[in-house]
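Worksheet: one structure, shown below.
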Amino acid sequence: MSKNIFDNLSYACNWESTYTLDLFGKSVLTDITILGEEADGIADIQLDSFNRFIDHLDLINKALPQKILEYYQNERCELGYADEANELYPEITDAQQILNMIEIDSLIIPEPDIYDGRCVFLTFSCSWDDELEPHGMGIRFINEEIDEIGHASIAF
C-alpha cells in the first residue's frame, strides 16, 4: 500500500484526508491534516515527515505507551489525585492499561520551517479529560523521536 496519502487530500483551510494507522497493535482510521495554504501546496519536508514517521512506527509503538503513562502519572500528581481518589484519574501503573484510556483523533503535519527537522503530531481524546472543553493529549515527534507530550493544543 502506498504511503502517499497526499494523492487523496482535499483542501478546506488545510489539506485533509484519512489514513489507516497501525497504532498499538490495532489498525485505526484517523484524520490527517497537513497545515498550510492551498496556493503553497505541500512541501517536500511534509511528505518526508509523514513517510519517515510511518517507516518508524514500529519503534514508536514500542516507546510510546510508557511515555504516555509517565505523562498521565505526572498530570495525575499535579492535579493532586495521587493523594486523593478520583474516578477519572485512577492509579495506573502498567503502560498497556493507559492505552485503554486514549483514542487517536488525528495526525497533524505542521507547516514547513516551524520546527528543526521532520515534525508530526498525534492528538488523542482521553477518558480522564471530561471538561466542557476537553484538552485531549498531543504528542510532538521531531525526526521520529518523542519531543513533547502535553495537551492537544501543542499541535496548533
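For the C-alpha cells, the naming scheme is as follows: chains receive sequential letters (A, B, ...) according to their order of presentation, residues are indexed from 1 within each chain, and ligands are indexed from 1 in presentation order.
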With only C-alpha atoms counted and 10 Å as the cut-off, give the residues of region 63-126 of chain A in contact with region 13-21 of chain A, each with its shortest interatomic distance in Å and the pair that gives it, as a tab-separated table.
residue	atom	partner	partner_atom	distance
A:Ile104	CA	A:Leu21	CA	9.7
A:Ser106	CA	A:Thr18	CA	8.7
A:Leu107	CA	A:Tyr19	CA	8.9
A:Ile108	CA	A:Glu16	CA	9.4
A:Ile109	CA	A:Trp15	CA	9.7
A:Glu111	CA	A:Asn14	CA	10.0
Could you give me the residues within region 33-131 of chain A that DSSP places in strand (DSSP E or B), as a PDB file with C-alpha atoms, in the first residue's frame?
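Wrote it out as out_7.pdb, contents follow:
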ATOM      1  CA  THR A  33      -4.204  17.288   8.492  1.00  0.00           C
ATOM      2  CA  ILE A  34      -1.315  18.940   6.682  1.00  0.00           C
ATOM      3  CA  ILE A 102      -6.991   7.022  24.906  1.00  0.00           C
ATOM      4  CA  GLU A 103      -8.304   7.195  21.353  1.00  0.00           C
ATOM      5  CA  ILE A 104      -6.495   8.804  18.449  1.00  0.00           C
ATOM      6  CA  ASP A 105      -8.123  11.865  16.919  1.00  0.00           C
ATOM      7  CA  SER A 106      -5.651  12.963  14.287  1.00  0.00           C
ATOM      8  CA  LEU A 107      -2.196  13.037  12.783  1.00  0.00           C
ATOM      9  CA  ILE A 108      -1.077  16.584  12.017  1.00  0.00           C
ATOM     10  CA  ILE A 109       1.887  17.747   9.991  1.00  0.00           C
ATOM     11  CA  CYS A 119       7.655  17.063  12.604  1.00  0.00           C
ATOM     12  CA  VAL A 120       4.473  15.062  13.165  1.00  0.00           C
ATOM     13  CA  PHE A 121       1.840  15.459  15.876  1.00  0.00           C
ATOM     14  CA  LEU A 122      -0.626  12.875  17.145  1.00  0.00           C
ATOM     15  CA  THR A 123      -3.673  14.067  19.078  1.00  0.00           C
ATOM     16  CA  PHE A 124      -5.821  11.876  21.308  1.00  0.00           C
ATOM     17  CA  SER A 125      -9.081  12.000  23.232  1.00  0.00           C
ATOM     18  CA  CYS A 126      -8.590  10.804  26.812  1.00  0.00           C
TER      19      CYS A 126
END
Considering only C-alpha atoms, return as a PyMOL selection string whatever protein or nucleic-acid residues lie within 10 Å of region 76-89 of chain A, sequence-local ones (same chain, fewer than 6 positions apart) excluded. chain A and resi 70+101+126-130
Could you check the closest approach to Asn51 (chain A) for each of A:Ala12, A:Ile5, A:Leu99, A:Val28 and tell me which residue wins, using only C-alpha atoms?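 That would be A:Ile5, the residue with the smallest distance to Asn51 (chain A).
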